[in-house]
$ cat coords-v8.csv   # CSV, C-alpha atoms and all ligand atoms
chain,number,residue,atom,x,y,z
A,9,MET,CA,-102.7,-144.5,-48.7
A,10,ASP,CA,-101.9,-147.9,-47.2
A,11,LEU,CA,-101.5,-148.1,-43.5
A,12,LYS,CA,-97.9,-149.3,-43.6
A,13,ASN,CA,-97.6,-149.3,-39.9
A,14,LEU,CA,-100.2,-152.0,-39.4
A,15,LYS,CA,-97.6,-154.7,-39.4
A,16,PRO,CA,-98.3,-158.0,-37.6
A,17,ALA,CA,-97.4,-158.0,-34.0
A,18,GLY,CA,-93.9,-159.2,-33.3
A,19,ALA,CA,-93.8,-162.9,-32.5
A,20,GLY,CA,-93.2,-163.6,-28.9
A,21,ASP,CA,-93.4,-160.0,-27.6
A,22,PRO,CA,-96.5,-159.8,-25.3
A,23,THR,CA,-96.3,-156.0,-25.3
A,24,ASP,CA,-96.8,-155.8,-29.1
A,25,THR,CA,-100.4,-155.0,-30.1
A,26,ILE,CA,-101.6,-153.6,-33.3
A,27,LEU,CA,-103.2,-150.6,-31.6
A,28,ASP,CA,-100.1,-149.7,-29.8
A,29,GLY,CA,-97.9,-149.7,-32.8
A,30,SER,CA,-100.2,-147.7,-34.9
A,31,ARG,CA,-101.4,-145.0,-32.5
A,32,PHE,CA,-99.0,-142.4,-33.9
A,33,VAL,CA,-99.6,-143.3,-37.5
A,34,ARG,CA,-103.3,-143.5,-37.1
A,35,ALA,CA,-103.3,-140.0,-35.6
A,36,CYS,CA,-101.3,-138.8,-38.6
A,37,LEU,CA,-104.1,-140.1,-40.8
A,38,ARG,CA,-106.8,-138.6,-38.6
A,39,LYS,CA,-108.1,-142.1,-37.6
A,40,PRO,CA,-109.5,-142.6,-34.1
A,41,VAL,CA,-107.0,-143.6,-31.4
A,42,ASP,CA,-107.3,-144.8,-27.8
A,43,ARG,CA,-105.4,-141.7,-26.6
A,44,THR,CA,-103.5,-138.8,-28.1
A,45,PRO,CA,-100.0,-139.9,-29.1
A,46,VAL,CA,-97.1,-137.9,-27.8
A,47,TRP,CA,-93.4,-137.4,-28.7
A,48,PHE,CA,-91.0,-134.4,-28.6
A,49,LEU,CA,-89.0,-132.5,-31.1
A,50,ARG,CA,-85.3,-133.0,-30.3
A,51,GLN,CA,-86.2,-135.7,-27.7
A,52,ALA,CA,-82.6,-137.0,-28.0
A,53,GLY,CA,-80.2,-134.2,-27.2
A,54,ARG,CA,-78.0,-132.4,-24.8
A,55,TYR,CA,-80.6,-132.1,-22.0
A,56,MET,CA,-80.3,-135.9,-21.5
A,57,GLN,CA,-77.4,-137.2,-19.5
A,58,GLU,CA,-77.1,-140.4,-21.6
A,59,TYR,CA,-76.6,-138.3,-24.7
A,60,ARG,CA,-74.0,-136.0,-23.0
A,61,ASP,CA,-72.1,-139.1,-22.0
A,62,ILE,CA,-71.9,-140.4,-25.6
A,63,ARG,CA,-71.0,-136.8,-26.8
A,64,LYS,CA,-67.9,-136.9,-24.6
A,65,HIS,CA,-66.5,-139.5,-26.9
A,66,HIS,CA,-68.0,-138.6,-30.3
A,67,THR,CA,-68.9,-135.5,-32.3
A,68,LEU,CA,-72.5,-135.0,-33.4
A,69,VAL,CA,-71.6,-136.1,-37.0
A,70,GLU,CA,-69.8,-139.2,-35.8
A,71,ILE,CA,-72.9,-140.2,-33.9
A,72,CYS,CA,-75.0,-139.7,-37.0
A,73,LYS,CA,-72.6,-141.8,-39.1
A,74,GLN,CA,-72.3,-144.8,-36.8
A,75,PRO,CA,-75.6,-146.6,-37.1
A,76,ASP,CA,-75.1,-148.5,-33.8
A,77,ILE,CA,-74.6,-145.3,-31.8
A,78,ALA,CA,-77.3,-143.3,-33.7
A,79,ALA,CA,-79.8,-146.2,-33.1
A,80,GLU,CA,-78.8,-146.4,-29.4
A,81,VAL,CA,-79.3,-142.6,-28.9
A,82,THR,CA,-82.7,-142.8,-30.6
A,83,ILE,CA,-83.9,-145.8,-28.6
A,84,THR,CA,-82.6,-144.6,-25.3
A,85,ALA,CA,-84.4,-141.3,-25.6
A,86,ALA,CA,-87.7,-142.8,-26.7
A,87,GLU,CA,-87.7,-145.5,-23.9
A,88,LYS,CA,-86.6,-143.1,-21.2
A,89,LEU,CA,-89.5,-140.8,-22.0
A,90,GLY,CA,-92.1,-143.4,-22.8
A,91,VAL,CA,-93.2,-141.7,-26.0
A,92,ASP,CA,-95.3,-143.1,-28.9
A,93,ALA,CA,-92.7,-142.3,-31.6
A,94,ALA,CA,-89.0,-142.4,-32.1
A,95,ILE,CA,-87.3,-139.8,-34.4
A,96,ILE,CA,-84.1,-141.1,-35.9
A,97,PHE,CA,-81.1,-139.4,-34.6
A,98,ALA,CA,-79.5,-137.5,-37.5
A,99,ASP,CA,-79.2,-133.8,-38.5
A,100,LEU,CA,-80.9,-131.6,-41.0
A,101,LEU,CA,-77.6,-130.8,-42.7
A,102,LEU,CA,-76.3,-134.3,-43.5
A,103,PRO,CA,-77.5,-134.2,-47.2
A,104,LEU,CA,-75.2,-131.1,-47.8
A,105,GLU,CA,-72.1,-133.3,-47.7
A,106,PRO,CA,-72.9,-135.6,-50.7
A,107,MET,CA,-74.1,-132.5,-52.6
A,108,GLY,CA,-70.5,-131.2,-52.3
A,109,LEU,CA,-70.8,-128.8,-49.4
A,110,PRO,CA,-68.8,-129.9,-46.3
A,111,PHE,CA,-69.9,-128.3,-43.0
A,112,GLU,CA,-69.0,-128.6,-39.3
A,113,PHE,CA,-70.6,-127.8,-36.0
A,114,GLN,CA,-68.6,-125.2,-34.1
A,115,ALA,CA,-69.1,-125.2,-30.4
A,116,GLY,CA,-71.7,-122.6,-29.4
A,117,GLU,CA,-72.2,-121.4,-33.0
A,118,GLY,CA,-74.2,-124.1,-34.6
A,119,PRO,CA,-73.5,-125.4,-38.2
A,120,VAL,CA,-71.0,-123.7,-40.4
A,121,VAL,CA,-70.8,-124.4,-44.2
A,122,HIS,CA,-67.3,-123.6,-45.4
A,123,HIS,CA,-68.0,-122.5,-48.9
A,124,PRO,CA,-71.6,-121.2,-49.0
A,125,VAL,CA,-73.5,-121.2,-52.3
A,126,ARG,CA,-73.7,-117.7,-53.6
A,127,THR,CA,-73.7,-117.8,-57.4
A,128,ALA,CA,-75.3,-119.6,-60.3
A,129,ASP,CA,-72.0,-121.5,-60.8
A,130,ASP,CA,-72.0,-122.6,-57.2
A,131,VAL,CA,-75.5,-124.0,-57.7
A,132,LYS,CA,-74.3,-125.7,-60.9
A,133,ALA,CA,-71.5,-127.4,-59.1
A,134,LEU,CA,-73.8,-129.1,-56.6
A,135,ARG,CA,-74.1,-132.9,-57.0
A,136,THR,CA,-77.3,-134.8,-56.9
A,137,ASP,CA,-75.9,-138.3,-57.6
A,138,ARG,CA,-74.4,-139.3,-54.3
A,139,THR,CA,-77.4,-139.6,-52.0
A,140,ASP,CA,-76.6,-143.3,-51.4
A,141,GLU,CA,-73.7,-142.0,-49.2
A,142,LEU,CA,-76.4,-141.2,-46.7
A,143,ALA,CA,-77.2,-145.0,-46.3
A,144,TYR,CA,-75.8,-144.8,-42.8
A,145,VAL,CA,-79.1,-143.1,-41.8
A,146,ALA,CA,-81.0,-146.0,-43.3
A,147,ARG,CA,-78.9,-148.5,-41.4
A,148,ALA,CA,-79.7,-146.7,-38.1
A,149,ILE,CA,-83.4,-146.7,-39.0
A,150,GLN,CA,-83.3,-150.5,-39.6
A,151,LYS,CA,-81.8,-151.0,-36.2
A,152,VAL,CA,-84.4,-148.9,-34.5
A,153,ALA,CA,-87.2,-150.6,-36.4
A,154,SER,CA,-86.0,-154.0,-35.5
A,155,HIS,CA,-85.7,-153.0,-31.9
A,156,PHE,CA,-89.2,-151.5,-31.6
A,157,ARG,CA,-91.0,-153.6,-34.2
A,158,ASN,CA,-94.5,-152.2,-34.2
A,159,ARG,CA,-94.5,-150.8,-30.6
A,160,LEU,CA,-93.6,-147.3,-31.6
A,161,GLY,CA,-93.9,-145.2,-34.7
A,162,ILE,CA,-90.5,-144.5,-36.4
A,163,ILE,CA,-90.0,-141.1,-37.8
A,164,GLY,CA,-87.5,-140.3,-40.5
A,165,PHE,CA,-86.9,-136.7,-41.5
A,166,CYS,CA,-85.3,-134.2,-43.8
A,167,GLY,CA,-85.1,-130.4,-44.2
A,168,ALA,CA,-87.5,-128.6,-46.5
A,169,PRO,CA,-86.0,-127.2,-49.7
A,170,TYR,CA,-86.3,-123.5,-48.5
A,171,THR,CA,-84.7,-124.2,-45.0
A,172,LEU,CA,-81.8,-126.2,-46.4
A,173,ALA,CA,-81.2,-123.7,-49.2
A,174,SER,CA,-81.0,-121.0,-46.6
A,175,TYR,CA,-78.3,-122.9,-44.7
A,176,MET,CA,-76.4,-123.5,-48.0
A,177,ILE,CA,-76.5,-119.9,-49.0
A,178,GLU,CA,-76.0,-118.2,-45.6
A,179,GLY,CA,-73.4,-120.7,-44.6
A,180,GLY,CA,-75.1,-121.2,-41.2
A,181,GLY,CA,-77.9,-119.8,-39.1
A,182,SER,CA,-79.1,-116.3,-40.0
A,183,ARG,CA,-81.1,-113.5,-38.6
A,184,ASN,CA,-82.2,-111.7,-41.8
A,185,TYR,CA,-81.6,-114.2,-44.6
A,186,ILE,CA,-80.2,-111.5,-46.8
A,187,HIS,CA,-78.1,-113.7,-49.1
A,188,THR,CA,-80.9,-116.2,-49.4
A,189,LYS,CA,-83.5,-113.6,-50.4
A,190,GLN,CA,-81.0,-111.9,-52.7
A,191,MET,CA,-80.7,-115.1,-54.7
A,192,MET,CA,-84.4,-115.8,-54.4
A,193,TYR,CA,-85.4,-112.3,-55.8
A,194,GLY,CA,-82.4,-111.6,-58.0
A,195,GLU,CA,-81.4,-114.8,-59.6
A,196,PRO,CA,-84.6,-116.8,-60.1
A,197,LEU,CA,-83.0,-119.3,-62.4
A,198,ALA,CA,-80.2,-120.2,-59.9
A,199,TRP,CA,-82.8,-120.3,-57.1
A,200,ASN,CA,-85.1,-122.6,-58.9
A,201,SER,CA,-82.2,-124.9,-60.0
A,202,LEU,CA,-81.0,-125.0,-56.3
A,203,LEU,CA,-84.5,-126.0,-55.1
A,204,ASP,CA,-84.8,-128.6,-58.0
A,205,LYS,CA,-81.6,-130.2,-56.9
A,206,LEU,CA,-82.7,-130.2,-53.3
A,207,VAL,CA,-86.0,-131.8,-54.1
A,208,ALA,CA,-84.2,-134.5,-56.1
A,209,VAL,CA,-81.7,-135.3,-53.3
A,210,LEU,CA,-84.3,-135.1,-50.5
A,211,THR,CA,-86.7,-137.4,-52.3
A,212,GLU,CA,-84.0,-140.1,-52.6
A,213,TYR,CA,-82.9,-139.5,-49.0
A,214,CYS,CA,-86.5,-140.0,-47.8
A,215,ARG,CA,-86.9,-143.0,-50.0
A,216,LEU,CA,-83.9,-144.8,-48.4
A,217,GLN,CA,-85.4,-143.9,-45.0
A,218,VAL,CA,-88.8,-145.3,-45.9
A,219,LEU,CA,-87.3,-148.5,-47.3
A,220,ALA,CA,-85.4,-148.9,-44.1
A,221,GLY,CA,-88.6,-148.8,-42.0
A,222,ALA,CA,-89.5,-145.2,-41.3
A,223,ASP,CA,-93.3,-145.1,-40.8
A,224,VAL,CA,-93.7,-141.4,-41.2
A,225,ILE,CA,-91.4,-138.6,-42.6
A,226,GLN,CA,-91.3,-135.2,-41.0
A,227,ILE,CA,-90.1,-132.3,-43.2
A,228,PHE,CA,-88.6,-129.5,-41.2
A,229,ASP,CA,-89.1,-126.1,-42.7
A,230,SER,CA,-87.8,-124.6,-39.6
A,231,TRP,CA,-86.9,-121.1,-41.0
A,232,VAL,CA,-89.9,-120.7,-43.4
A,233,GLY,CA,-91.3,-118.1,-41.0
A,234,SER,CA,-88.8,-115.7,-42.3
A,235,LEU,CA,-90.9,-115.5,-45.5
A,236,ALA,CA,-93.9,-113.2,-46.2
A,237,LEU,CA,-96.9,-115.2,-47.4
A,238,SER,CA,-96.5,-114.0,-51.0
A,239,ASP,CA,-92.8,-114.9,-51.0
A,240,TYR,CA,-93.6,-118.3,-49.6
A,241,ARG,CA,-96.1,-118.8,-52.4
A,242,ASP,CA,-93.8,-117.5,-55.1
A,243,TYR,CA,-90.5,-119.0,-54.0
A,244,ALA,CA,-90.8,-121.9,-51.6
A,245,PHE,CA,-94.3,-123.5,-51.8
A,246,GLU,CA,-93.9,-125.4,-55.1
A,247,ALA,CA,-90.7,-127.2,-54.1
A,248,SER,CA,-92.1,-128.2,-50.7
A,249,LYS,CA,-95.3,-129.5,-52.3
A,250,ARG,CA,-93.3,-131.6,-54.8
A,251,LEU,CA,-91.3,-133.1,-52.0
A,252,VAL,CA,-94.4,-133.8,-49.9
A,253,ARG,CA,-96.2,-135.5,-52.8
A,254,ALA,CA,-93.1,-137.6,-53.7
A,255,VAL,CA,-92.8,-138.9,-50.2
A,256,GLN,CA,-96.5,-139.6,-49.9
A,257,ALA,CA,-96.2,-141.7,-53.1
A,258,MET,CA,-93.9,-143.9,-51.1
A,259,GLY,CA,-96.8,-144.9,-48.9
A,260,VAL,CA,-96.1,-143.0,-45.7
A,261,PRO,CA,-97.8,-139.9,-44.1
A,262,VAL,CA,-95.8,-136.6,-44.1
A,263,ILE,CA,-95.6,-134.1,-41.2
A,264,TYR,CA,-94.7,-130.6,-42.4
A,265,PHE,CA,-93.3,-128.4,-39.7
A,266,GLY,CA,-92.2,-124.8,-39.4
A,267,VAL,CA,-91.7,-122.0,-36.8
A,268,GLU,CA,-93.5,-118.6,-36.7
A,269,THR,CA,-95.9,-119.8,-39.4
A,270,ALA,CA,-99.2,-118.3,-38.2
A,271,GLY,CA,-99.5,-116.4,-41.5
A,272,LEU,CA,-98.5,-119.3,-43.6
A,273,LEU,CA,-100.5,-122.2,-42.2
A,274,SER,CA,-103.2,-122.4,-44.9
A,275,ALA,CA,-100.6,-122.2,-47.6
A,276,MET,CA,-98.5,-124.9,-46.0
A,277,ALA,CA,-101.5,-127.1,-45.8
A,278,GLU,CA,-102.0,-126.7,-49.6
A,279,THR,CA,-98.8,-128.8,-50.0
A,280,GLY,CA,-101.1,-131.7,-49.1
A,281,ALA,CA,-99.0,-132.8,-46.1
A,282,ASP,CA,-101.0,-135.1,-43.8
A,283,VAL,CA,-100.0,-133.3,-40.7
A,284,ILE,CA,-99.0,-129.7,-40.1
A,285,GLY,CA,-96.6,-129.0,-37.2
A,286,LEU,CA,-97.7,-125.9,-35.2
A,287,ASP,CA,-95.4,-123.7,-33.1
A,288,TRP,CA,-96.6,-122.4,-29.8
A,289,ARG,CA,-97.3,-118.7,-30.6
A,290,GLN,CA,-100.8,-119.3,-31.6
A,291,PRO,CA,-103.4,-121.4,-29.7
A,292,LEU,CA,-103.7,-124.9,-31.2
A,293,ASP,CA,-107.4,-124.5,-32.0
A,294,GLU,CA,-106.7,-121.3,-34.0
A,295,GLY,CA,-103.8,-123.0,-35.8
A,296,TRP,CA,-105.9,-126.0,-36.6
A,297,ARG,CA,-108.7,-123.9,-38.0
A,298,ALA,CA,-106.2,-122.1,-40.3
A,299,VAL,CA,-104.8,-125.4,-41.4
A,300,GLY,CA,-108.2,-126.9,-42.0
A,301,TYR,CA,-109.7,-130.0,-40.4
A,302,SER,CA,-108.8,-132.2,-43.4
A,303,HIS,CA,-105.3,-132.3,-42.0
A,304,ALA,CA,-104.0,-133.6,-38.7
A,305,VAL,CA,-101.9,-131.2,-36.5
A,306,GLN,CA,-98.9,-131.7,-34.2
A,307,GLY,CA,-97.9,-129.5,-31.3
A,308,ASN,CA,-97.7,-127.1,-29.7
A,309,LEU,CA,-96.5,-126.6,-26.1
A,310,ASP,CA,-93.9,-123.8,-25.7
A,311,PRO,CA,-90.7,-125.8,-25.0
A,312,ILE,CA,-89.7,-123.4,-22.3
A,313,THR,CA,-92.8,-124.3,-20.3
A,314,LEU,CA,-90.8,-127.4,-19.4
A,315,PHE,CA,-88.8,-125.1,-17.0
A,316,ALA,CA,-92.1,-124.0,-15.2
A,317,PRO,CA,-93.4,-125.4,-11.9
A,318,LEU,CA,-95.4,-128.6,-12.5
A,319,GLU,CA,-98.8,-126.9,-11.8
A,320,VAL,CA,-98.1,-124.3,-14.6
A,321,LEU,CA,-96.8,-127.0,-16.9
A,322,GLU,CA,-99.9,-129.1,-16.3
A,323,LYS,CA,-102.2,-126.2,-17.0
A,324,ARG,CA,-100.6,-125.6,-20.3
A,325,VAL,CA,-100.5,-129.3,-21.3
A,326,ARG,CA,-104.3,-129.5,-20.6
A,327,GLU,CA,-104.9,-126.3,-22.5
A,328,VAL,CA,-103.3,-127.8,-25.6
A,329,LEU,CA,-105.2,-131.1,-25.2
A,330,ARG,CA,-108.5,-129.3,-24.6
A,331,SER,CA,-108.1,-127.0,-27.6
A,332,ALA,CA,-107.7,-130.1,-29.8
A,333,GLY,CA,-111.3,-130.7,-28.9
A,334,GLY,CA,-111.2,-134.5,-29.0
A,335,ARG,CA,-111.0,-134.3,-32.8
A,336,PRO,CA,-109.0,-137.3,-34.3
A,337,GLY,CA,-105.7,-136.2,-35.8
A,338,HIS,CA,-103.9,-134.5,-32.9
A,339,ILE,CA,-100.3,-135.5,-32.0
A,340,PHE,CA,-99.1,-133.9,-28.8
A,341,ASN,CA,-95.7,-132.3,-29.2
A,342,LEU,CA,-93.8,-129.1,-28.4
A,343,GLY,CA,-94.0,-126.1,-30.7
A,344,HIS,CA,-90.2,-126.4,-31.3
A,345,GLY,CA,-87.3,-128.5,-30.0
A,346,ILE,CA,-86.3,-129.3,-26.4
A,347,VAL,CA,-83.5,-126.9,-25.4
A,348,PRO,CA,-80.3,-127.8,-23.4
A,349,ASN,CA,-80.8,-127.9,-19.5
A,350,THR,CA,-84.5,-128.8,-19.7
A,351,PRO,CA,-85.3,-131.1,-16.7
A,352,VAL,CA,-85.8,-134.6,-18.1
A,353,GLU,CA,-88.3,-135.4,-15.3
A,354,ASN,CA,-90.5,-132.6,-16.6
A,355,VAL,CA,-90.5,-134.1,-20.1
A,356,GLN,CA,-91.5,-137.4,-18.5
A,357,ALA,CA,-94.2,-135.6,-16.5
A,358,VAL,CA,-95.7,-134.3,-19.7
A,359,VAL,CA,-96.1,-137.8,-21.1
A,360,ARG,CA,-97.9,-138.8,-17.8
A,361,MET,CA,-100.1,-135.7,-18.0
A,362,VAL,CA,-101.2,-136.6,-21.6
A,363,ARG,CA,-102.0,-140.1,-20.5
A,364,GLU,CA,-103.9,-139.0,-17.4
A,365,PHE,CA,-105.9,-136.5,-19.3
A,366,HIS,CA,-107.4,-139.4,-21.3
A,367,GLN,CA,-107.9,-141.6,-18.3
A,368,GLU,CA,-109.8,-138.9,-16.6
A,369,LYS,CA,-111.9,-138.2,-19.7
A,370,ALA,CA,-112.7,-141.9,-20.0
A,371,ARG,CA,-113.7,-142.0,-16.3
A,372,LEU,CA,-115.9,-139.0,-16.7
A,373,GLU,CA,-117.6,-140.4,-19.7
A,374,LEU,CA,-118.3,-143.6,-17.8
A,375,ALA,CA,-119.7,-141.8,-14.8
A,376,ASN,CA,-122.0,-139.7,-17.0
A,377,GLY,CA,-123.3,-142.8,-18.7
B,401,LIG,O1,-84.1,-136.2,-31.2
B,401,LIG,C1,-84.2,-135.6,-32.2
B,401,LIG,O2,-85.0,-134.7,-32.4
B,401,LIG,C2,-83.3,-136.1,-33.4
B,401,LIG,C3,-82.2,-135.3,-33.7
B,401,LIG,C4,-82.1,-134.0,-34.4
B,401,LIG,C5,-80.9,-133.3,-34.5
B,401,LIG,N1,-81.1,-132.3,-35.3
B,401,LIG,C6,-79.7,-133.6,-33.7
B,401,LIG,C7,-78.9,-132.5,-33.2
B,401,LIG,C8,-83.0,-133.4,-35.3
B,401,LIG,C9,-84.5,-133.8,-35.7
B,401,LIG,C10,-82.3,-132.3,-35.9
B,401,LIG,C11,-82.9,-131.4,-36.9
B,401,LIG,C12,-82.3,-130.1,-37.1
B,401,LIG,N2,-81.0,-129.8,-37.2
B,401,LIG,C13,-83.1,-129.0,-37.4
B,401,LIG,C14,-84.6,-128.9,-37.5
B,401,LIG,C15,-85.2,-128.9,-36.2
B,401,LIG,C16,-85.4,-127.5,-35.6
B,401,LIG,O3,-84.9,-127.3,-34.5
B,401,LIG,O4,-86.0,-126.7,-36.2
B,401,LIG,C17,-82.1,-127.9,-37.6
B,401,LIG,C18,-82.5,-126.5,-37.8
B,401,LIG,C19,-80.8,-128.5,-37.5
B,401,LIG,C20,-79.5,-127.8,-37.7
B,401,LIG,C21,-78.8,-127.7,-36.4
B,401,LIG,N3,-78.2,-128.8,-35.8
B,401,LIG,C22,-78.8,-126.7,-35.5
B,401,LIG,C23,-79.3,-125.2,-35.7
B,401,LIG,C24,-78.1,-127.1,-34.3
B,401,LIG,C25,-77.8,-126.4,-33.1
B,401,LIG,C26,-76.5,-126.0,-32.8
B,401,LIG,C27,-76.3,-125.9,-31.3
B,401,LIG,O5,-75.2,-126.1,-30.9
B,401,LIG,O6,-77.3,-125.7,-30.5
B,401,LIG,C28,-77.8,-128.5,-34.6
B,401,LIG,C29,-77.0,-129.4,-33.7
B,401,LIG,C30,-77.8,-130.6,-33.2
B,401,LIG,N4,-78.4,-131.4,-33.9
B,401,LIG,C31,-77.8,-131.0,-31.8
B,401,LIG,C32,-78.5,-132.2,-31.8
B,401,LIG,C33,-78.8,-133.1,-30.7
B,401,LIG,C34,-77.2,-130.4,-30.6
B,401,LIG,C35,-75.7,-130.2,-30.7
B,401,LIG,C36,-74.8,-131.3,-30.2
B,401,LIG,O7,-75.1,-132.4,-29.8
B,401,LIG,O8,-73.6,-130.9,-30.2
$ encode --input "coords-v8.csv" --output "structure tokens"
Amino acid sequence: MDLKNLKPAGAGDPTDTILDGSRFVRACLRKPVDRTPVWFLRQAGRYMQEYRDIRKHHTLVEICKQPDIAAEVTITAAEKLGVDAAIIFADLLLPLEPMGLPFEFQAGEGPVVHHPVRTADDVKALRTDRTDELAYVARAIQKVASHFRNRLGIIGFCGAPYTLASYMIEGGGSRNYIHTKQMMYGEPLAWNSLLDKLVAVLTEYCRLQVLAGADVIQIFDSWVGSLALSDYRDYAFEASKRLVRAVQAMGVPVIYFGVETAGLLSAMAETGADVIGLDWRQPLDEGWRAVGYSHAVQGNLDPITLFAPLEVLEKRVREVLRSAGGRPGHIFNLGHGIVPNTPVENVQAVVRMVREFHQEKARLELANG
């Protein structure tokens, strides 16, 4: 795989160095780095005053559809935190619209799809030929890429077929995924056709993000933990694997992330994703062992630790770093997204702690000869 991120340093910018720009991508590829890269799931969001200010004037979807604003939100969050990667500001559900499924975010309720997909005819009616309508995401990525040049890794993203299918079928978030599993078990032809259509759309969606400058693609299979291992293998794995391989063929590494996946990790790794995202319920070393050391891992601090006193927070941050064991291929992150009301200064403190851990380690190594 070519190291797309090793672009020449931007002319005239003294802070640009090849090592800086590629730290995150190098870790995705399990290459040695000067220190563990760090970024946060949902690093731009309601916990940040700058984001809340913009949200006073624009809805979430408006922000996503205006490349100037989406780029500004992305850049502001990454710079304020001092992280090694910027994830493009967008939402998992955006591809539903060009497929013919309008949705909205209702205050306090999350996403609502007005006419959920429930029958084979509903699946048949879904369109796969309008992915270029998502070009606004590509334009936002271009703006972020030209701002950071090679100083930070730029992450594009999409939902995994299973997780997006579950939103389309349930019509929103769900506790038990009854409608989704009913189609999965009871109407295998409709289910497979739905996943095929999603793989087609998501592949093109990722392609436009990569062409615009995304260095890495993260695939969010946020709700895959609702599946038993055998159901994951029988009904979700194949579509995820096809998407992972299609994106890798574009020349970028793929991060594949899910929540409550302790029982699924080795199967998820079989998709061939370069990096597996770990949630916080399992110690990182156990998760990495399950994934296998031929993959990098990303994670896995409990996002609610960010509400703890600094001493507790630091203890947990160090635990995560220590359990990575100095092996190349660890990207520090949370086990899931930052939640509203998280103190921003604690998120910044974590970035400092990750840096300090390495400085200390370097000093110790020097002292011990
Ligand atoms: O900084 C970043 O991480 C980039 C932005 C981002 C958003 N959504 C913006 C957003 C990302 C990466 C996502 C992905 C996303 N969207 C996921 C996968 C990540 C995960 O948490 O597992 C999912 C499941 C969604 C769907 C979605 N969007 C939900 C369930 C919600 C929550 C609804 C709520 O009100 O809490 C959203 C809304 C959303 N997407 C917000 C943000 C910043 C917050 C709502 C707002 O600004 O009004």
$ residues_near_ligand --input "coords-v8.csv" --ligand "ligand LIG 401 (chain B)" --cutoff "6 Å" --atoms "all atoms listed in the file" --output "list in words"
Leu49, Arg50, Gln51, Ala52, Gly53, Arg54, Leu68, Ile95, Ile96, Phe97, Ala98, Asp99, Leu100, Gly116, Glu117, Gly118, Phe228, Ser230 and Gly345 of chain A
$ residues_around --input "coords-v8.csv" --residues "Ala275 (chain A)" --least-positions-apart "6" --cutoff "10 Å" --atoms "all atoms listed in the file" --output "PyMOL selection string"
chain A and resi 237-238+240-241+245+269+298-299
$ residues_around --input "coords-v8.csv" --residues "Ile149 (chain A)" --least-positions-apart "5" --cutoff "7 Å" --atoms "only C-alpha atoms" --output "mmCIF file with C-alpha atoms, in the coordinates of the input"
data_model
loop_
_atom_site.group_PDB
_atom_site.id
_atom_site.type_symbol
_atom_site.label_atom_id
_atom_site.label_comp_id
_atom_site.auth_asym_id
_atom_site.auth_seq_id
_atom_site.Cartn_x
_atom_site.Cartn_y
_atom_site.Cartn_z
ATOM 1 C CA ALA A 79 -79.800 -146.200 -33.100
ATOM 2 C CA ILE A 96 -84.100 -141.100 -35.900
ATOM 3 C CA GLN A 217 -85.400 -143.900 -45.000
ATOM 4 C CA ALA A 220 -85.400 -148.900 -44.100
ATOM 5 C CA GLY A 221 -88.600 -148.800 -42.000
ATOM 6 C CA ALA A 222 -89.500 -145.200 -41.300
#
$ residues_around --input "coords-v8.csv" --residues "Leu89 (chain A)" --least-positions-apart "6" --cutoff "8 Å" --atoms "only C-alpha atoms" --output "PDB file with C-alpha atoms, in the coordinates of the input"
ATOM      1  CA  VAL A 355     -90.500-134.100 -20.100  1.00  0.00           C
ATOM      2  CA  GLN A 356     -91.500-137.400 -18.500  1.00  0.00           C
ATOM      3  CA  VAL A 359     -96.100-137.800 -21.100  1.00  0.00           C
TER       4      VAL A 359
END
$ atom_distance --input "coords-v8.csv" --atom1 "CA of Ala370 (chain A)" --atom2 "CA of Thr313 (chain A)"
26.6 Å
$ closest_residue --input "coords-v8.csv" --among "A:Leu37, A:Ala257, A:Val121, A:Ala270" --to "Ile339 (chain A)" --atoms "all atoms listed in the file"
A:Leu37
$ residues_around --input "coords-v8.csv" --residues "region 247-256 of chain A" --least-positions-apart "3" --cutoff "6 Å" --atoms "all atoms listed in the file" --output "list in words"
Val207, Ala244, Gly259, Val260, Pro261 and Thr279 of chain A
$ closest_residue --input "coords-v8.csv" --among "A:Arg63, A:Lys132, A:Arg34, A:Arg363" --to "Leu203 (chain A)" --atoms "only C-alpha atoms"
A:Lys132
$ closest_residue --input "coords-v8.csv" --among "A:Cys36, A:Leu235, A:Ala86, A:Ile227" --to "Met192 (chain A)" --atoms "all atoms listed in the file"
A:Leu235
$ atom_distance --input "coords-v8.csv" --atom1 "CA of Ala304 (chain A)" --atom2 "CA of Glu87 (chain A)"
25.0 Å
$ atom_distance --input "coords-v8.csv" --atom1 "CA of Asp223 (chain A)" --atom2 "CA of Ile163 (chain A)"
6.0 Å
$ closest_residue --input "coords-v8.csv" --among "A:Asp229, A:Met276, A:Val262, A:His123" --to "Glu246 (chain A)" --atoms "all atoms listed in the file"
A:Met276
